Amino acid sequence: WLAEHAQAPENRGAIAHWQRIKARRPRHGELALPLPPALAESLESRGIARLYTHQVQAIEALRGGLDVVVVTGTASGKSLCYHLPVLERLLADTEATALYLFPTKALAQDQLKGLTRLATGHPDLLRRLVAGVYDGDTLPGTRRKLRDSANVILSNPDMLHQGILPAHSKWVRFLSRLSFVVVDEMHAYRGIFGSHVANVMRRLVRLAAHYGATPRFV
């Protein structure tokens, strides 16, 4: 496709450099304890029979109670590094909750679709997952429903700052059971905005601790 368009007269000279990078062989790993059958079957239904080494390392670290930063290439399966531990926890603990934070609304909607697709791979996951996007576009009635019943909420730092933390007394159910906080696209939080988000995270940790929760950050 690129070669075809580069040959068009109007695009002549548009490409400054052309390099073909050879594919690398995948490196797989094995978990010390296998994933729950429901999760394993869901992955197999999507054609995923084995996990990559970085996915295994992330899951094992989170299982061990550590915070985790995942830095790998595009389309390397980073989302599974947090989807799988979150769903594993939801299967084991019916009261656990997780908060996903994204820099844009579009990313939150996209990740909700990915998480839902993974859950539809097994009826146990689908029954357990109650997820939704909580941002400025969410209707008031839906906001109340998510606050009162969701176990996975997808939002952004500004909504956390303005719409959730100031009303923390209404979020006791969610905050007191908070097991994971996912901060996606972490590199986007730089400069003054990054400093603001860092302080919002500190507030979140303090309020979670106030209600008895010590979430792991991914």
# chains A, B, ... in the order shown; residues from 1 in each chain; ligands from 1
>>> residues_around(residues="range 95-112 of chain A", least_positions_apart="6", cutoff="8 Å", atoms="only C-alpha atoms", output="PyMOL selection string")
chain A and resi 86+89+131-133+135+150-157+174-175+177-185+188
>>> write_last_selection(atoms="C-alpha atoms", output="PDB file, in the first residue's frame")
ATOM      1  CA  VAL A  86      -8.518  -7.788  37.063  1.00  0.00           C
ATOM      2  CA  ARG A  89      -9.591 -11.046  40.946  1.00  0.00           C
ATOM      3  CA  ALA A 131     -18.237  -2.393  33.666  1.00  0.00           C
ATOM      4  CA  GLY A 132     -18.923   1.027  32.217  1.00  0.00           C
ATOM      5  CA  VAL A 133     -17.401   4.368  31.188  1.00  0.00           C
ATOM      6  CA  ASP A 135     -16.911  10.530  32.108  1.00  0.00           C
ATOM      7  CA  ALA A 150     -20.111  -1.472  38.731  1.00  0.00           C
ATOM      8  CA  ASN A 151     -16.982  -3.406  39.625  1.00  0.00           C
ATOM      9  CA  VAL A 152     -14.881  -1.937  36.796  1.00  0.00           C
ATOM     10  CA  ILE A 153     -15.113   1.763  35.964  1.00  0.00           C
ATOM     11  CA  LEU A 154     -13.274   3.326  33.035  1.00  0.00           C
ATOM     12  CA  SER A 155     -12.641   7.062  33.350  1.00  0.00           C
ATOM     13  CA  ASN A 156      -9.970   9.763  33.062  1.00  0.00           C
ATOM     14  CA  PRO A 157      -7.914  11.759  35.587  1.00  0.00           C
ATOM     15  CA  PHE A 174     -16.270   1.128  45.183  1.00  0.00           C
ATOM     16  CA  LEU A 175     -13.273   2.700  46.955  1.00  0.00           C
ATOM     17  CA  ARG A 177     -12.986  -2.664  47.583  1.00  0.00           C
ATOM     18  CA  LEU A 178     -10.548  -1.125  45.105  1.00  0.00           C
ATOM     19  CA  SER A 179      -8.017  -3.781  44.050  1.00  0.00           C
ATOM     20  CA  PHE A 180      -6.462  -2.327  40.883  1.00  0.00           C
ATOM     21  CA  VAL A 181      -5.877   1.108  39.375  1.00  0.00           C
ATOM     22  CA  VAL A 182      -4.869   0.989  35.711  1.00  0.00           C
ATOM     23  CA  VAL A 183      -3.143   4.096  34.332  1.00  0.00           C
ATOM     24  CA  ASP A 184      -2.976   3.608  30.580  1.00  0.00           C
ATOM     25  CA  GLU A 185      -0.747   5.665  28.254  1.00  0.00           C
ATOM     26  CA  ALA A 188       0.981  11.182  28.182  1.00  0.00           C
TER      27      ALA A 188
END
>>> select_by_dssp(residues="range 59-125 of chain A", states="helix (DSSP H, G or I)", output="PyMOL selection string")
chain A and resi 59-63+78-92+105-119+123-125
>>> write_last_selection(atoms="N, CA and C atoms", output="compact mmCIF listing (two decimals), in the first residue's frame")
# COMPACT_ATOMS: atom_id res chain seq x y z
N ILE A 59 1.69 -10.22 35.31
CA ILE A 59 0.66 -10.92 36.09
C ILE A 59 1.25 -11.46 37.39
N GLU A 60 2.44 -12.06 37.31
CA GLU A 60 3.08 -12.62 38.51
C GLU A 60 3.40 -11.51 39.52
N ALA A 61 3.87 -10.37 39.04
CA ALA A 61 4.19 -9.26 39.95
C ALA A 61 2.93 -8.75 40.64
N LEU A 62 1.84 -8.62 39.88
CA LEU A 62 0.59 -8.15 40.47
C LEU A 62 0.02 -9.17 41.44
N ARG A 63 0.14 -10.43 41.11
CA ARG A 63 -0.28 -11.47 42.05
C ARG A 63 0.51 -11.38 43.34
N LYS A 78 -0.35 -5.38 25.71
CA LYS A 78 -0.26 -4.74 27.02
C LYS A 78 -1.58 -4.78 27.78
N SER A 79 -2.68 -4.67 27.06
CA SER A 79 -3.98 -4.63 27.74
C SER A 79 -4.24 -5.90 28.54
N LEU A 80 -3.77 -7.04 28.04
CA LEU A 80 -3.97 -8.29 28.77
C LEU A 80 -3.19 -8.29 30.09
N CYS A 81 -2.14 -7.46 30.18
CA CYS A 81 -1.37 -7.39 31.42
C CYS A 81 -2.21 -6.89 32.58
N TYR A 82 -3.27 -6.12 32.28
CA TYR A 82 -4.16 -5.69 33.37
C TYR A 82 -5.55 -6.31 33.28
N HIS A 83 -6.04 -6.60 32.07
CA HIS A 83 -7.35 -7.26 31.97
C HIS A 83 -7.36 -8.60 32.71
N LEU A 84 -6.32 -9.39 32.50
CA LEU A 84 -6.30 -10.74 33.08
C LEU A 84 -6.24 -10.72 34.60
N PRO A 85 -5.34 -9.94 35.23
CA PRO A 85 -5.37 -9.88 36.70
C PRO A 85 -6.68 -9.34 37.27
N VAL A 86 -7.26 -8.35 36.58
CA VAL A 86 -8.52 -7.79 37.06
C VAL A 86 -9.62 -8.84 37.01
N LEU A 87 -9.76 -9.51 35.88
CA LEU A 87 -10.80 -10.53 35.76
C LEU A 87 -10.54 -11.71 36.70
N GLU A 88 -9.28 -12.06 36.88
CA GLU A 88 -8.94 -13.13 37.82
C GLU A 88 -9.39 -12.76 39.23
N ARG A 89 -9.16 -11.49 39.62
CA ARG A 89 -9.59 -11.05 40.95
C ARG A 89 -11.11 -11.03 41.07
N LEU A 90 -11.79 -10.60 40.02
CA LEU A 90 -13.26 -10.57 40.07
C LEU A 90 -13.85 -11.97 40.20
N LEU A 91 -13.19 -12.95 39.59
CA LEU A 91 -13.67 -14.33 39.72
C LEU A 91 -13.46 -14.86 41.14
N ALA A 92 -12.38 -14.42 41.78
CA ALA A 92 -12.06 -14.91 43.12
C ALA A 92 -12.76 -14.12 44.22
N LYS A 105 -11.31 10.12 26.14
CA LYS A 105 -12.58 9.39 26.20
C LYS A 105 -12.62 8.26 25.19
N ALA A 106 -12.04 8.49 24.01
CA ALA A 106 -12.06 7.48 22.96
C ALA A 106 -11.33 6.22 23.41
N LEU A 107 -10.20 6.37 24.10
CA LEU A 107 -9.46 5.21 24.58
C LEU A 107 -10.28 4.43 25.60
N ALA A 108 -10.99 5.13 26.47
CA ALA A 108 -11.82 4.45 27.46
C ALA A 108 -12.89 3.61 26.79
N GLN A 109 -13.54 4.17 25.78
CA GLN A 109 -14.58 3.43 25.06
C GLN A 109 -13.99 2.22 24.36
N ASP A 110 -12.81 2.40 23.76
CA ASP A 110 -12.16 1.31 23.04
C ASP A 110 -11.78 0.18 24.00
N GLN A 111 -11.24 0.53 25.16
CA GLN A 111 -10.84 -0.50 26.11
C GLN A 111 -12.03 -1.19 26.75
N LEU A 112 -13.14 -0.48 26.91
CA LEU A 112 -14.35 -1.13 27.40
C LEU A 112 -14.79 -2.22 26.43
N LYS A 113 -14.70 -1.94 25.13
CA LYS A 113 -15.06 -2.94 24.13
C LYS A 113 -14.13 -4.15 24.23
N GLY A 114 -12.82 -3.89 24.40
CA GLY A 114 -11.87 -4.99 24.50
C GLY A 114 -12.10 -5.84 25.73
N LEU A 115 -12.37 -5.20 26.86
CA LEU A 115 -12.63 -5.93 28.10
C LEU A 115 -13.92 -6.74 27.98
N THR A 116 -14.93 -6.16 27.37
CA THR A 116 -16.21 -6.86 27.21
C THR A 116 -16.06 -8.04 26.27
N ARG A 117 -15.29 -7.87 25.18
CA ARG A 117 -15.06 -8.99 24.26
C ARG A 117 -14.38 -10.15 24.98
N LEU A 118 -13.42 -9.83 25.83
CA LEU A 118 -12.73 -10.88 26.58
C LEU A 118 -13.70 -11.59 27.53
N ALA A 119 -14.58 -10.83 28.17
CA ALA A 119 -15.53 -11.42 29.11
C ALA A 119 -16.57 -12.28 28.41
N PRO A 123 -19.22 -17.61 30.02
CA PRO A 123 -20.39 -17.08 30.74
C PRO A 123 -20.07 -16.66 32.17
N ASP A 124 -19.13 -17.33 32.84
CA ASP A 124 -18.78 -16.95 34.21
C ASP A 124 -18.20 -15.55 34.26
N LEU A 125 -17.36 -15.21 33.28
CA LEU A 125 -16.79 -13.87 33.21
C LEU A 125 -17.86 -12.83 32.91
>>> residues_around(residues="range 201-206 of chain A", least_positions_apart="6", cutoff="8 Å", atoms="only C-alpha atoms", output="count of residues only")
3
>>> closest_residue(among="A:Arg127, A:His161, A:Lys145, A:Arg12", to="Val200 in chain A", atoms="only C-alpha atoms")
A:His161
>>> select_by_dssp(residues="range 147-195 of chain A", states="strand (DSSP E or B)", output="PDB file with all heavy atoms, in the first residue's frame")
ATOM      1  N   VAL A 152     -15.965  -2.531  37.591  1.00  0.00           N
ATOM      2  CA  VAL A 152     -14.881  -1.937  36.796  1.00  0.00           C
ATOM      3  C   VAL A 152     -15.399  -0.639  36.185  1.00  0.00           C
ATOM      4  O   VAL A 152     -16.387  -0.650  35.451  1.00  0.00           O
ATOM      5  CB  VAL A 152     -14.395  -2.878  35.671  1.00  0.00           C
ATOM      6  CG1 VAL A 152     -13.315  -2.184  34.839  1.00  0.00           C
ATOM      7  CG2 VAL A 152     -13.860  -4.176  36.246  1.00  0.00           C
ATOM      8  N   ILE A 153     -14.738   0.464  36.509  1.00  0.00           N
ATOM      9  CA  ILE A 153     -15.113   1.763  35.964  1.00  0.00           C
ATOM     10  C   ILE A 153     -13.950   2.305  35.142  1.00  0.00           C
ATOM     11  O   ILE A 153     -12.794   2.300  35.585  1.00  0.00           O
ATOM     12  CB  ILE A 153     -15.493   2.749  37.082  1.00  0.00           C
ATOM     13  CG1 ILE A 153     -16.894   2.381  37.627  1.00  0.00           C
ATOM     14  CG2 ILE A 153     -15.468   4.190  36.588  1.00  0.00           C
ATOM     15  CD1 ILE A 153     -17.392   3.287  38.716  1.00  0.00           C
ATOM     16  N   LEU A 154     -14.273   2.755  33.937  1.00  0.00           N
ATOM     17  CA  LEU A 154     -13.274   3.326  33.035  1.00  0.00           C
ATOM     18  C   LEU A 154     -13.511   4.827  32.962  1.00  0.00           C
ATOM     19  O   LEU A 154     -14.624   5.275  32.650  1.00  0.00           O
ATOM     20  CB  LEU A 154     -13.375   2.694  31.645  1.00  0.00           C
ATOM     21  CG  LEU A 154     -13.150   1.175  31.584  1.00  0.00           C
ATOM     22  CD1 LEU A 154     -14.466   0.434  31.760  1.00  0.00           C
ATOM     23  CD2 LEU A 154     -12.520   0.772  30.265  1.00  0.00           C
ATOM     24  N   SER A 155     -12.477   5.620  33.270  1.00  0.00           N
ATOM     25  CA  SER A 155     -12.641   7.062  33.350  1.00  0.00           C
ATOM     26  C   SER A 155     -11.358   7.751  32.924  1.00  0.00           C
ATOM     27  O   SER A 155     -10.529   7.171  32.217  1.00  0.00           O
ATOM     28  CB  SER A 155     -13.061   7.455  34.771  1.00  0.00           C
ATOM     29  OG  SER A 155     -13.433   8.824  34.836  1.00  0.00           O
ATOM     30  N   LEU A 178     -11.395  -1.387  46.269  1.00  0.00           N
ATOM     31  CA  LEU A 178     -10.548  -1.125  45.105  1.00  0.00           C
ATOM     32  C   LEU A 178      -9.297  -2.001  45.143  1.00  0.00           C
ATOM     33  O   LEU A 178      -8.478  -1.915  46.055  1.00  0.00           O
ATOM     34  CB  LEU A 178     -10.158   0.356  45.078  1.00  0.00           C
ATOM     35  CG  LEU A 178      -9.477   0.871  43.816  1.00  0.00           C
ATOM     36  CD1 LEU A 178     -10.370   0.674  42.583  1.00  0.00           C
ATOM     37  CD2 LEU A 178      -9.129   2.352  43.971  1.00  0.00           C
ATOM     38  N   SER A 179      -9.144  -2.847  44.127  1.00  0.00           N
ATOM     39  CA  SER A 179      -8.017  -3.781  44.050  1.00  0.00           C
ATOM     40  C   SER A 179      -6.962  -3.347  43.044  1.00  0.00           C
ATOM     41  O   SER A 179      -5.768  -3.578  43.249  1.00  0.00           O
ATOM     42  CB  SER A 179      -8.522  -5.178  43.676  1.00  0.00           C
ATOM     43  OG  SER A 179      -9.392  -5.695  44.658  1.00  0.00           O
ATOM     44  N   PHE A 180      -7.395  -2.731  41.932  1.00  0.00           N
ATOM     45  CA  PHE A 180      -6.462  -2.327  40.883  1.00  0.00           C
ATOM     46  C   PHE A 180      -6.799  -0.929  40.382  1.00  0.00           C
ATOM     47  O   PHE A 180      -7.973  -0.575  40.249  1.00  0.00           O
ATOM     48  CB  PHE A 180      -6.519  -3.291  39.694  1.00  0.00           C
ATOM     49  CG  PHE A 180      -6.000  -4.672  39.992  1.00  0.00           C
ATOM     50  CD1 PHE A 180      -6.872  -5.725  40.205  1.00  0.00           C
ATOM     51  CD2 PHE A 180      -4.632  -4.915  40.063  1.00  0.00           C
ATOM     52  CE1 PHE A 180      -6.405  -6.995  40.485  1.00  0.00           C
ATOM     53  CE2 PHE A 180      -4.155  -6.184  40.341  1.00  0.00           C
ATOM     54  CZ  PHE A 180      -5.043  -7.230  40.551  1.00  0.00           C
ATOM     55  N   VAL A 181      -5.746  -0.159  40.094  1.00  0.00           N
ATOM     56  CA  VAL A 181      -5.877   1.108  39.375  1.00  0.00           C
ATOM     57  C   VAL A 181      -4.989   1.008  38.144  1.00  0.00           C
ATOM     58  O   VAL A 181      -3.773   0.846  38.253  1.00  0.00           O
ATOM     59  CB  VAL A 181      -5.444   2.308  40.234  1.00  0.00           C
ATOM     60  CG1 VAL A 181      -5.544   3.601  39.413  1.00  0.00           C
ATOM     61  CG2 VAL A 181      -6.304   2.404  41.489  1.00  0.00           C
ATOM     62  N   VAL A 182      -5.593   1.072  36.979  1.00  0.00           N
ATOM     63  CA  VAL A 182      -4.869   0.989  35.711  1.00  0.00           C
ATOM     64  C   VAL A 182      -4.690   2.397  35.160  1.00  0.00           C
ATOM     65  O   VAL A 182      -5.662   3.132  34.985  1.00  0.00           O
ATOM     66  CB  VAL A 182      -5.643   0.121  34.693  1.00  0.00           C
ATOM     67  CG1 VAL A 182      -4.945   0.163  33.339  1.00  0.00           C
ATOM     68  CG2 VAL A 182      -5.780  -1.303  35.199  1.00  0.00           C
ATOM     69  N   VAL A 183      -3.444   2.789  34.920  1.00  0.00           N
ATOM     70  CA  VAL A 183      -3.143   4.096  34.332  1.00  0.00           C
ATOM     71  C   VAL A 183      -2.563   3.834  32.944  1.00  0.00           C
ATOM     72  O   VAL A 183      -1.376   3.554  32.793  1.00  0.00           O
ATOM     73  CB  VAL A 183      -2.155   4.888  35.207  1.00  0.00           C
ATOM     74  CG1 VAL A 183      -1.929   6.286  34.627  1.00  0.00           C
ATOM     75  CG2 VAL A 183      -2.670   4.983  36.637  1.00  0.00           C
TER      76      VAL A 183
END
>>> closest_residue(among="A:Leu139, A:Leu129, A:Gly191, A:Val197", to="Leu160 in chain A", atoms="only C-alpha atoms")
A:Val197
